[in-house]
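*Asks:* File follows, upload35.txt with compact mmCIF, C-alpha atoms:
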# COMPACT_ATOMS: atom_id res chain seq x y z
CA MET M 1200 13.47 39.93 -20.67
CA ILE M 1201 12.53 37.16 -23.09
CA GLN M 1202 15.17 34.90 -21.59
CA LYS M 1203 13.79 35.53 -18.09
CA ASN M 1204 10.26 34.68 -19.24
CA ILE M 1205 11.49 31.48 -20.89
CA PHE M 1206 13.35 30.54 -17.72
CA PHE M 1207 10.27 31.24 -15.59
CA LEU M 1208 8.13 29.13 -17.94
CA PHE M 1209 10.65 26.29 -17.71
CA ILE M 1210 10.51 26.39 -13.91
CA CYS M 1211 6.70 26.30 -13.97
CA ILE M 1212 6.68 23.32 -16.34
CA LEU M 1213 9.25 21.51 -14.20
CA ALA M 1214 7.24 22.16 -11.02
CA PHE M 1215 4.05 20.95 -12.68
CA SER M 1216 5.82 17.86 -13.97
CA CYS M 1217 7.11 17.00 -10.49
CA GLN M 1218 3.70 17.56 -8.96
CA THR M 1219 2.06 15.34 -11.58
CA ARG M 1220 4.60 12.59 -11.00
CA LYS M 1221 4.05 12.87 -7.26
CA HIS M 1222 0.32 12.19 -7.68
CA ASN M 1223 0.65 9.48 -10.30
CA HIS M 1224 0.74 6.36 -8.14
CA ILE M 1225 -2.25 4.76 -9.88
CA THR M 1226 -0.26 4.85 -13.11
CA TYR M 1227 2.59 3.13 -11.31
CA LEU M 1228 0.26 0.46 -9.90
CA ASN M 1229 -1.16 -0.32 -13.34
CA LYS M 1230 2.36 -0.69 -14.72
CA VAL M 1231 3.15 -3.13 -11.90
CA ASN M 1232 -0.03 -5.07 -12.63
CA GLU M 1233 0.95 -5.31 -16.29
CA ILE M 1234 4.43 -6.57 -15.47
CA ASP M 1235 3.23 -8.97 -12.79
CA SER M 1236 0.67 -10.48 -15.16
CA ILE M 1237 3.46 -11.14 -17.69
CA TYR M 1238 5.50 -12.80 -14.96
CA ARG M 1239 2.68 -14.64 -13.19
CA LEU M 1240 0.14 -15.45 -15.93
CA LYS M 1241 2.36 -15.70 -19.03
CA ASN M 1242 5.38 -17.13 -17.17
CA ASP M 1243 7.68 -14.78 -19.09
CA THR M 1244 10.20 -14.02 -16.35
CA LEU M 1245 12.90 -12.36 -18.44
CA THR M 1246 10.52 -9.88 -20.09
CA ALA M 1247 9.02 -9.04 -16.70
CA LEU M 1248 12.48 -8.51 -15.21
CA LYS M 1249 13.51 -6.12 -17.99
CA MET M 1250 10.28 -4.16 -17.52
CA TYR M 1251 10.89 -3.97 -13.76
CA GLN M 1252 14.39 -2.65 -14.41
CA THR M 1253 12.91 0.15 -16.51
CA LEU M 1254 10.16 0.80 -13.98
CA PHE M 1255 12.49 1.31 -11.03
CA LYS M 1256 14.66 3.70 -12.98
CA THR M 1257 11.65 6.02 -13.06
CA TYR M 1258 9.73 5.26 -9.88
CA SER M 1259 10.79 4.95 -6.26
CA PRO M 1260 10.64 1.37 -4.91
CA TYR M 1261 7.30 0.22 -3.55
CA ASN M 1262 5.85 -3.14 -2.56
CA SER M 1263 2.20 -3.49 -3.58
CA GLU M 1264 0.04 -5.67 -1.38
CA LEU M 1265 0.64 -9.40 -2.06
CA ILE M 1266 2.62 -8.62 -5.25
CA ASP M 1267 5.78 -7.35 -3.48
CA GLU M 1268 7.18 -6.14 -6.79
CA TYR M 1269 10.42 -4.57 -5.54
CA GLN M 1270 11.27 -7.70 -3.60
CA THR M 1271 10.41 -9.84 -6.64
CA TYR M 1272 12.57 -7.63 -8.85
CA ILE M 1273 15.59 -8.03 -6.58
CA ILE M 1274 15.19 -11.79 -6.17
CA LEU M 1275 14.77 -12.35 -9.92
CA SER M 1276 17.67 -10.04 -10.74
CA ASP M 1277 19.94 -11.98 -8.42
CA LYS M 1278 18.74 -15.29 -9.87
CA TYR M 1279 19.47 -14.18 -13.45
CA HIS M 1280 22.69 -12.34 -12.51
CA GLU M 1281 21.33 -8.90 -13.36
CA ASP M 1282 22.41 -5.74 -11.57
CA PHE M 1283 19.70 -4.50 -9.19
CA GLY M 1284 21.75 -1.97 -7.25
CA GLY M 1285 23.40 -4.21 -4.66
CA LYS M 1286 23.46 -3.14 -1.02
CA GLU M 1287 21.74 0.19 -1.63
CA SER M 1288 18.68 -1.52 -3.13
CA LEU M 1289 18.64 -4.17 -0.40
CA TYR M 1290 18.62 -1.45 2.26
CA LYS M 1291 15.63 0.16 0.51
CA LEU M 1292 13.86 -3.19 0.55
CA ILE M 1293 14.33 -3.49 4.32
CA SER M 1294 12.31 -0.32 4.89
CA LEU M 1295 9.52 -1.68 2.68
CA VAL M 1296 9.24 -5.00 4.53
CA ALA M 1297 9.82 -3.47 7.98
CA PRO M 1298 6.09 -2.83 8.75
CA ASN M 1299 5.43 -6.59 8.60
CA TRP M 1300 8.59 -7.58 10.44
CA LYS M 1301 6.86 -8.91 13.57
CA TYR M 1302 5.40 -11.81 11.61
CA ASN M 1303 7.49 -11.53 8.48
CA ARG M 1304 6.94 -14.16 5.80
CA MET M 1305 10.57 -14.07 4.70
CA ASP M 1306 12.18 -17.49 4.59
CA LYS M 1307 15.85 -18.40 4.91
CA SER M 1308 16.48 -17.50 1.26
CA PHE M 1309 15.79 -13.84 2.11
CA PHE M 1310 18.55 -13.79 4.71
CA ALA M 1311 20.80 -15.83 2.41
CA LEU M 1312 20.41 -13.15 -0.26
CA TYR M 1313 21.40 -10.41 2.17
CA LYS M 1314 24.33 -12.43 3.46
CA LYS M 1315 25.50 -12.89 -0.12
CA TYR M 1316 25.87 -9.13 -0.39
CA GLY M 1317 27.56 -8.71 2.98
CA ILE M 1318 24.54 -7.86 5.13
CA ASP M 1319 23.98 -10.12 8.16
CA SER M 1320 20.81 -10.61 10.22
CA LEU M 1321 22.02 -8.26 12.97
CA GLU M 1322 22.39 -5.41 10.49
CA ILE M 1323 18.92 -6.14 9.14
CA GLU M 1324 17.46 -6.00 12.65
CA GLU M 1325 19.33 -2.75 13.27
CA LYS M 1326 17.90 -1.22 10.09
CA VAL M 1327 14.38 -2.29 11.10
CA THR M 1328 14.88 -0.81 14.57
CA ASN M 1329 16.06 2.48 13.05
CA TRP M 1330 13.04 2.47 10.74
CA LYS M 1331 10.74 2.05 13.73
CA ARG M 1332 12.38 5.01 15.46
CA GLY M 1333 11.43 7.13 12.48
CA LEU M 1334 7.70 6.43 12.85
CA ASN M 1335 5.35 9.15 14.02
CA LYS M 1336 5.13 8.35 17.74
CA ARG M 1337 2.07 10.50 18.29
CA LEU M 1338 0.16 8.71 15.54
CA VAL M 1339 1.36 5.29 16.71
CA ASP M 1340 0.02 6.06 20.19
CA SER M 1341 -3.28 7.36 18.82
CA PHE M 1342 -3.94 4.49 16.42
CA SER M 1343 -2.90 1.89 18.98
CA VAL M 1344 -5.75 3.22 21.13
CA ALA M 1345 -8.09 3.49 18.14
CA SER M 1346 -7.42 -0.09 17.00
CA PHE M 1347 -8.04 -1.45 20.50
CA ARG M 1348 -11.16 0.68 20.83
CA ASP M 1349 -12.44 -0.48 17.46
CA GLN M 1350 -12.66 -4.08 18.68
CA GLU M 1351 -13.88 -3.35 22.20
CA LYS M 1352 -16.34 -6.03 23.36
CA ARG M 1353 -15.98 -7.52 19.88
CA ARG M 1354 -18.27 -4.75 18.57
CA ARG M 1355 -21.30 -6.56 20.00
CA ASP M 1356 -22.51 -3.59 22.05
CA ALA M 1357 -24.24 -1.37 19.48
CA VAL M 1358 -24.19 1.79 21.63
CA LEU M 1359 -20.52 1.38 22.52
CA ARG M 1360 -19.65 0.50 18.92
CA GLN M 1361 -21.26 3.68 17.61
CA LYS M 1362 -19.52 5.77 20.26
CA ASN M 1363 -16.11 4.24 19.49
CA ASP M 1364 -16.55 4.57 15.72
CA GLU M 1365 -17.29 8.26 16.17
CA LYS M 1366 -14.09 8.73 18.20
CA ASN M 1367 -12.07 6.90 15.59
CA GLU M 1368 -13.57 8.95 12.78
CA GLN M 1369 -12.64 12.14 14.62
CA LEU M 1370 -9.09 10.81 14.90
CA LEU M 1371 -8.99 10.10 11.17
CA LEU M 1372 -10.27 13.59 10.35
CA TRP M 1373 -7.65 15.15 12.62
CA THR M 1374 -4.89 12.96 11.15
CA PHE M 1375 -5.83 13.77 7.55
CA LYS M 1376 -5.74 17.47 8.37
CA ASN M 1377 -2.44 17.47 10.27
CA TYR M 1378 -0.41 14.53 8.93
CA GLY M 1379 -2.11 13.15 5.84
CA TYR M 1380 -2.97 9.47 5.57
CA PRO M 1381 -1.67 7.21 8.40
CA SER M 1382 0.23 4.93 6.05
CA LEU M 1383 2.45 1.98 6.94
CA GLN M 1384 5.52 4.15 6.54
CA LYS M 1385 4.12 6.63 9.10
CA ILE M 1386 2.72 4.33 11.78
CA GLY M 1387 3.72 0.78 10.84
CA LEU M 1388 1.42 -2.16 11.42
CA TRP M 1389 2.10 -3.09 15.03
CA GLY M 1390 1.46 -0.48 17.69
CA ASN M 1391 1.94 -0.28 21.44
CA ASN M 1392 1.62 -3.57 23.34
CA ASP M 1393 1.71 -5.43 19.99
CA THR M 1394 -1.64 -3.93 18.97
CA PHE M 1395 -2.47 -4.77 15.35
CA MET M 1396 -3.25 -1.47 13.62
CA SER M 1397 -5.24 -2.16 10.47
CA MET M 1398 -6.33 0.86 8.47
CA SER M 1399 -8.30 -1.57 6.34
CA ILE M 1400 -10.58 -2.37 9.28
CA LEU M 1401 -10.99 1.25 10.36
CA MET M 1402 -11.81 2.42 6.84
CA ASN M 1403 -14.19 -0.50 6.32
CA HIS M 1404 -16.21 0.75 9.28
CA ALA M 1405 -16.22 4.24 7.75
CA ALA M 1406 -18.57 2.85 5.09
CA ASP M 1407 -21.32 3.03 7.71
CA SER M 1408 -20.55 6.64 8.56
CA LYS M 1409 -22.48 9.78 7.70
CA ARG M 1410 -19.08 11.08 6.57
CA TYR M 1411 -18.78 8.36 3.95
CA PRO M 1412 -18.85 10.82 0.98
CA TYR M 1413 -15.90 12.68 2.50
CA PHE M 1414 -13.91 9.49 3.13
CA LYS M 1415 -14.66 8.27 -0.39
CA GLU M 1416 -13.22 11.44 -1.92
CA LYS M 1417 -10.31 11.81 0.48
CA LEU M 1418 -9.04 8.24 0.24
CA LEU M 1419 -8.99 8.45 -3.54
CA GLU M 1420 -6.58 11.39 -3.19
CA TYR M 1421 -4.36 9.27 -0.95
CA ILE M 1422 -4.36 6.40 -3.45
CA LYS M 1423 -2.98 8.81 -6.02
CA THR M 1424 -0.16 9.83 -3.68
CA GLY M 1425 0.65 6.20 -2.86
CA GLU M 1426 -0.28 6.44 0.83
CA CYS M 1427 -3.56 4.50 0.82
CA ILE M 1428 -3.75 0.92 -0.42
CA PRO M 1429 -6.39 0.70 -3.20
CA ASP M 1430 -7.68 -2.57 -1.73
CA ASP M 1431 -8.73 -0.73 1.44
CA TYR M 1432 -10.54 1.94 -0.55
CA ALA M 1433 -12.27 -0.62 -2.77
CA ALA M 1434 -13.47 -2.66 0.21
CA MET M 1435 -14.97 0.44 1.82
CA ILE M 1436 -16.75 1.43 -1.40
CA ASP M 1437 -18.07 -2.09 -2.01
CA LYS M 1438 -19.38 -2.37 1.54
CA TYR M 1439 -21.30 0.86 1.12
CA SER M 1440 -22.50 -0.17 -2.35
CA LEU M 1441 -24.01 -3.39 -0.96
CA MET M 1442 -26.68 -1.27 0.69
CA THR M 1443 -27.79 0.40 -2.53
CA GLU M 1444 -26.34 -1.22 -5.66
CA ILE M 1445 -23.95 -3.79 -7.09
CA PRO M 1446 -20.39 -3.51 -5.69
CA GLU M 1447 -18.02 -1.62 -7.98
CA TYR M 1448 -14.76 -3.51 -7.40
CA GLY M 1449 -15.74 -7.12 -6.74
CA THR M 1450 -13.95 -7.37 -3.40
CA PHE M 1451 -16.49 -9.68 -1.76
CA SER M 1452 -16.04 -13.32 -2.73
CA ASN M 1453 -19.58 -14.21 -1.64
CA VAL M 1454 -21.23 -11.56 -3.87
CA PRO M 1455 -21.80 -12.62 -7.52
CA ILE M 1456 -20.19 -10.40 -10.16
CA VAL M 1457 -22.73 -9.62 -12.86
CA ASP M 1458 -20.53 -7.57 -15.21
CA SER M 1459 -16.85 -8.50 -14.94
CA VAL M 1460 -15.87 -6.12 -17.76
CA ARG M 1461 -17.29 -3.15 -15.85
CA VAL M 1462 -15.74 -4.30 -12.60
CA ASN M 1463 -12.30 -4.72 -14.21
CA LYS M 1464 -12.52 -1.20 -15.67
CA ASN M 1465 -13.37 0.17 -12.24
CA ARG M 1466 -10.49 -1.74 -10.69
CA LYS M 1467 -7.98 -0.39 -13.21
CA LYS M 1468 -9.06 3.18 -12.45
CA ILE M 1469 -7.68 2.82 -8.93
CA GLY M 1470 -4.71 0.58 -9.74
CA LEU M 1471 -6.13 -2.82 -8.82
CA PRO M 1472 -5.35 -5.91 -10.95
CA SER M 1473 -8.13 -7.58 -12.93
CA LEU M 1474 -10.30 -10.16 -11.18
CA LYS M 1475 -8.49 -13.08 -12.86
CA HIS M 1476 -5.08 -11.63 -12.07
CA ALA M 1477 -6.07 -10.85 -8.48
CA LYS M 1478 -7.20 -14.42 -7.90
CA LYS M 1479 -3.87 -15.73 -9.20
CA ILE M 1480 -1.97 -13.33 -6.92
CA HIS M 1481 -4.04 -14.43 -3.93
CA ASP M 1482 -3.64 -18.14 -4.69
CA ASP M 1483 0.13 -17.84 -5.21
CA TYR M 1484 0.62 -15.81 -2.03
CA PHE M 1485 -1.18 -18.22 0.26
CA LYS M 1486 0.22 -21.28 -1.50
CA ASN M 1487 3.75 -20.37 -0.46
Before we go any further, please render this structure as structure tokens.
*Replies:*
Amino acid sequence: MIQKNIFFLFICILAFSCQTRKHNHITYLNKVNEIDSIYRLKNDTLTALKMYQTLFKTYSPYNSELIDEYQTYIILSDKYHEDFGGKESLYKLISLVAPNWKYNRMDKSFFALYKKYGIDSLEIEEKVTNWKRGLNKRLVDSFSVASFRDQEKRRRDAVLRQKNDEKNEQLLLWTFKNYGYPSLQKIGLWGNNDTFMSMSILMNHAADSKRYPYFKEKLLEYIKTGECIPDDYAAMIDKYSLMTEIPEYGTFSNVPIVDSVRVNKNRKKIGLPSLKHAKKIHDDYFKN
């Protein structure tokens, strides 16, 4: 009997541990920010690479916005002749960059790396095509319509804008209930007829909604699961905060930051890099 109880307790602990790990994406993001700051601000590539190796032994690969840590890890590993997992890891990277494939920023060195490991451009295209087939077609159709509707008449007609925003909010509520957050891995970035589907834009408009308190709480849950990009959440919160108080996350470049220490603490709570680090990431990304 005692052995059965111990076994049951072990199963409960294991289940709790898995559940905690599943909802620990903010912890992952802060680890990435720490490593990226060592690589980008301290120029200590080898230390950053070793830390990335440890990180990806524990966490599934992910590419944070503008940082692209898994891609960076693979490129640096190849450069310094470190084992990153070969073809298997490169295939995982394809699925991470696939949402942006229409206007992908990859240069020739990206394809050269794949060719080095026996993967040609046709196989890459085939993998991207297969990834697209795995998207939720119903959500792609719905958010293609929503994204087009969101920009109808360039949002200049106030009555139409309010009507369309309400429809889009209803779609978001329905999606959250039935499918969770419409992440890049569920719907991609480019919908039907090459419609650009930006959750950032849709959630930014939710800041003006009467349902804002709900969206604020719900999106934080999705940040923890890794489905919602913290930048999108922060922009929504800051837009709302402009009406009543000082923005919490410093996402608006034209709004002075009074207390950078407070802002950086707030940013860390949702997995965003510090203001200084974020500026460096932004400058490096658009410099290339």
*Asks:* Give me, as an mmCIF file with C-alpha atoms, in the frame of the given file, all polymer residues having an atom no more than 7 Å from stretch 1469-1479 of chain M, counting only C-alpha atoms and skipping those fewer than 6 positions away in the same chain.
*Replies:*
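Saved as result.cif:
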data_model
loop_
_atom_site.group_PDB
_atom_site.id
_atom_site.type_symbol
_atom_site.label_atom_id
_atom_site.label_comp_id
_atom_site.auth_asym_id
_atom_site.auth_seq_id
_atom_site.Cartn_x
_atom_site.Cartn_y
_atom_site.Cartn_z
ATOM 1 C CA ILE M 1225 -2.250 4.760 -9.880
ATOM 2 C CA LEU M 1228 0.260 0.460 -9.900
ATOM 3 C CA ASN M 1229 -1.160 -0.320 -13.340
ATOM 4 C CA ASN M 1232 -0.030 -5.070 -12.630
ATOM 5 C CA SER M 1236 0.670 -10.480 -15.160
ATOM 6 C CA PRO M 1429 -6.390 0.700 -3.200
ATOM 7 C CA ASN M 1463 -12.300 -4.720 -14.210
#
*Asks:* Dump as CSV the rows for residues of stretch 1252-1344 of chain M within 12 Å of stretch 1418-1427 of chain M: closest atom pair and distance in Å with one decimal, all atoms listed in the file counted, ordered by chain and rising residue number.
*Replies:*
residue,atom,partner,partner_atom,distance
M:Tyr1258,CA,M:Gly1425,CA,11.5
M:Ser1259,CA,M:Gly1425,CA,10.8
M:Pro1260,CA,M:Gly1425,CA,11.3
M:Tyr1261,CA,M:Gly1425,CA,9.0
M:Asn1262,CA,M:Gly1425,CA,10.7
M:Ser1263,CA,M:Gly1425,CA,9.8
M:Glu1264,CA,M:Cys1427,CA,11.0
*Asks:* I'd like the interatomic distance between atom CA of M:Lys1307 and atom CA of M:Gly1284, to a tenth of an Å.
*Replies:*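 Pair atom CA of M:Lys1307 / atom CA of M:Gly1284 returns 21.3 Å.
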*Asks:* What's the 6 Å shell around stretch 1393-1396 of chain M, counting all atoms listed in the file, without same-chain residues fewer than 4 positions away, as a ChimeraX atom specification?
*Replies:* /M:1343,1346,1388-1389
*Asks:* Write out as JSON, numbers by chain each polymer residue whose atoms come within 12 Å of M:Val1327, counting only C-alpha atoms; drop sequence neighbours fewer than 4 positions from it.
*Replies:* {"M": [1290, 1291, 1292, 1293, 1294, 1295, 1296, 1297, 1298, 1299, 1300, 1301, 1303, 1320, 1321, 1322, 1323, 1331, 1332, 1333, 1334, 1384, 1387]}
*Asks:* Using all atoms listed in the file, I'd like a table of the residues in stretch 1244-1360 of chain M that come within 12 Å of stretch 1403-1411 of chain M; for each, show the closest atom pair and its distance in Å rounded to one decimal, ordered by chain and ascending number, as a tab-separated table.
*Replies:*
residue	atom	partner	partner_atom	distance
M:Ser1346	CA	M:His1404	CA	11.7
M:Asp1349	CA	M:His1404	CA	9.1
M:Gln1350	CA	M:His1404	CA	11.1
M:Arg1354	CA	M:His1404	CA	11.0
M:Arg1360	CA	M:His1404	CA	10.2
*Asks:* What does the distance from atom CA of M:Ala1434 to atom CA of M:Gln1369 come to in Å, to one decimal?
*Replies:*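 Taking atom CA of M:Ala1434 as the start and atom CA of M:Gln1369 as the end point, the length is 20.7 Å.
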*Asks:* If I take atom CA of M:Glu1351 and atom CA of M:Val1339, how far is one from the other in Å, to one decimal?
*Replies:*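 Taking atom CA of M:Glu1351 as the start and atom CA of M:Val1339 as the end point, the length is 18.4 Å.
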*Asks:* Show me, as a list in words, the residues that have an atom within 12 Å of M:Val1460 when counting all atoms listed in the file, minus same-chain residues fewer than 2 positions from it.
*Replies:*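 Residues near the query, excluding close chain neighbours: Glu1447, Tyr1448, Gly1449, Ile1456, Val1457, Asp1458, Val1462, Asn1463, Lys1464, Asn1465, Arg1466, Lys1467, Ser1473, Leu1474 and Lys1475 of chain M.
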*Asks:* May I ask which of the residues M:Leu1370, M:Ile1445, M:Val1454, M:Ala1311 is the closest one to M:Ile1274, counting only C-alpha atoms?
*Replies:*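 Ranking M:Leu1370, M:Ile1445, M:Val1454, M:Ala1311 by distance to M:Ile1274, first place goes to M:Ala1311.
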*Asks:* Could you pull the residues within 12 Å of M:Thr1374, counting only C-alpha atoms, minus those fewer than 4 positions along the same chain, as a list of chain:residue names?
*Replies:*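 Here the qualifying residues turn out to be M:Asn1335, M:Arg1337, M:Leu1338, M:Val1339, M:Ser1341, M:Phe1342, M:Asn1367, M:Glu1368, M:Gln1369, M:Leu1370, M:Tyr1378, M:Gly1379, M:Tyr1380, M:Pro1381, M:Ser1382, M:Lys1385, M:Ile1386.
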*Asks:* Enclose the full set of atoms of stretch 1423-1431 of chain M listed in the file within a box whose edges lie along x, y and z, apply 4 Å of padding to each of the six sides, and report centre and edge lengths in Å to one decimal as JSON.
*Replies:*
{"center_x": -4.0, "center_y": 3.6, "center_z": -2.3, "size_x": 17.4, "size_y": 20.4, "size_z": 15.5}
*Asks:* Have a look at M:Leu1289, M:Leu1248, M:Ile1400, M:Met1442 and name the one nearest to M:Phe1347; count all atoms listed in the file.
*Replies:*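 Closest residue, counting all atoms listed in the file: M:Ile1400.
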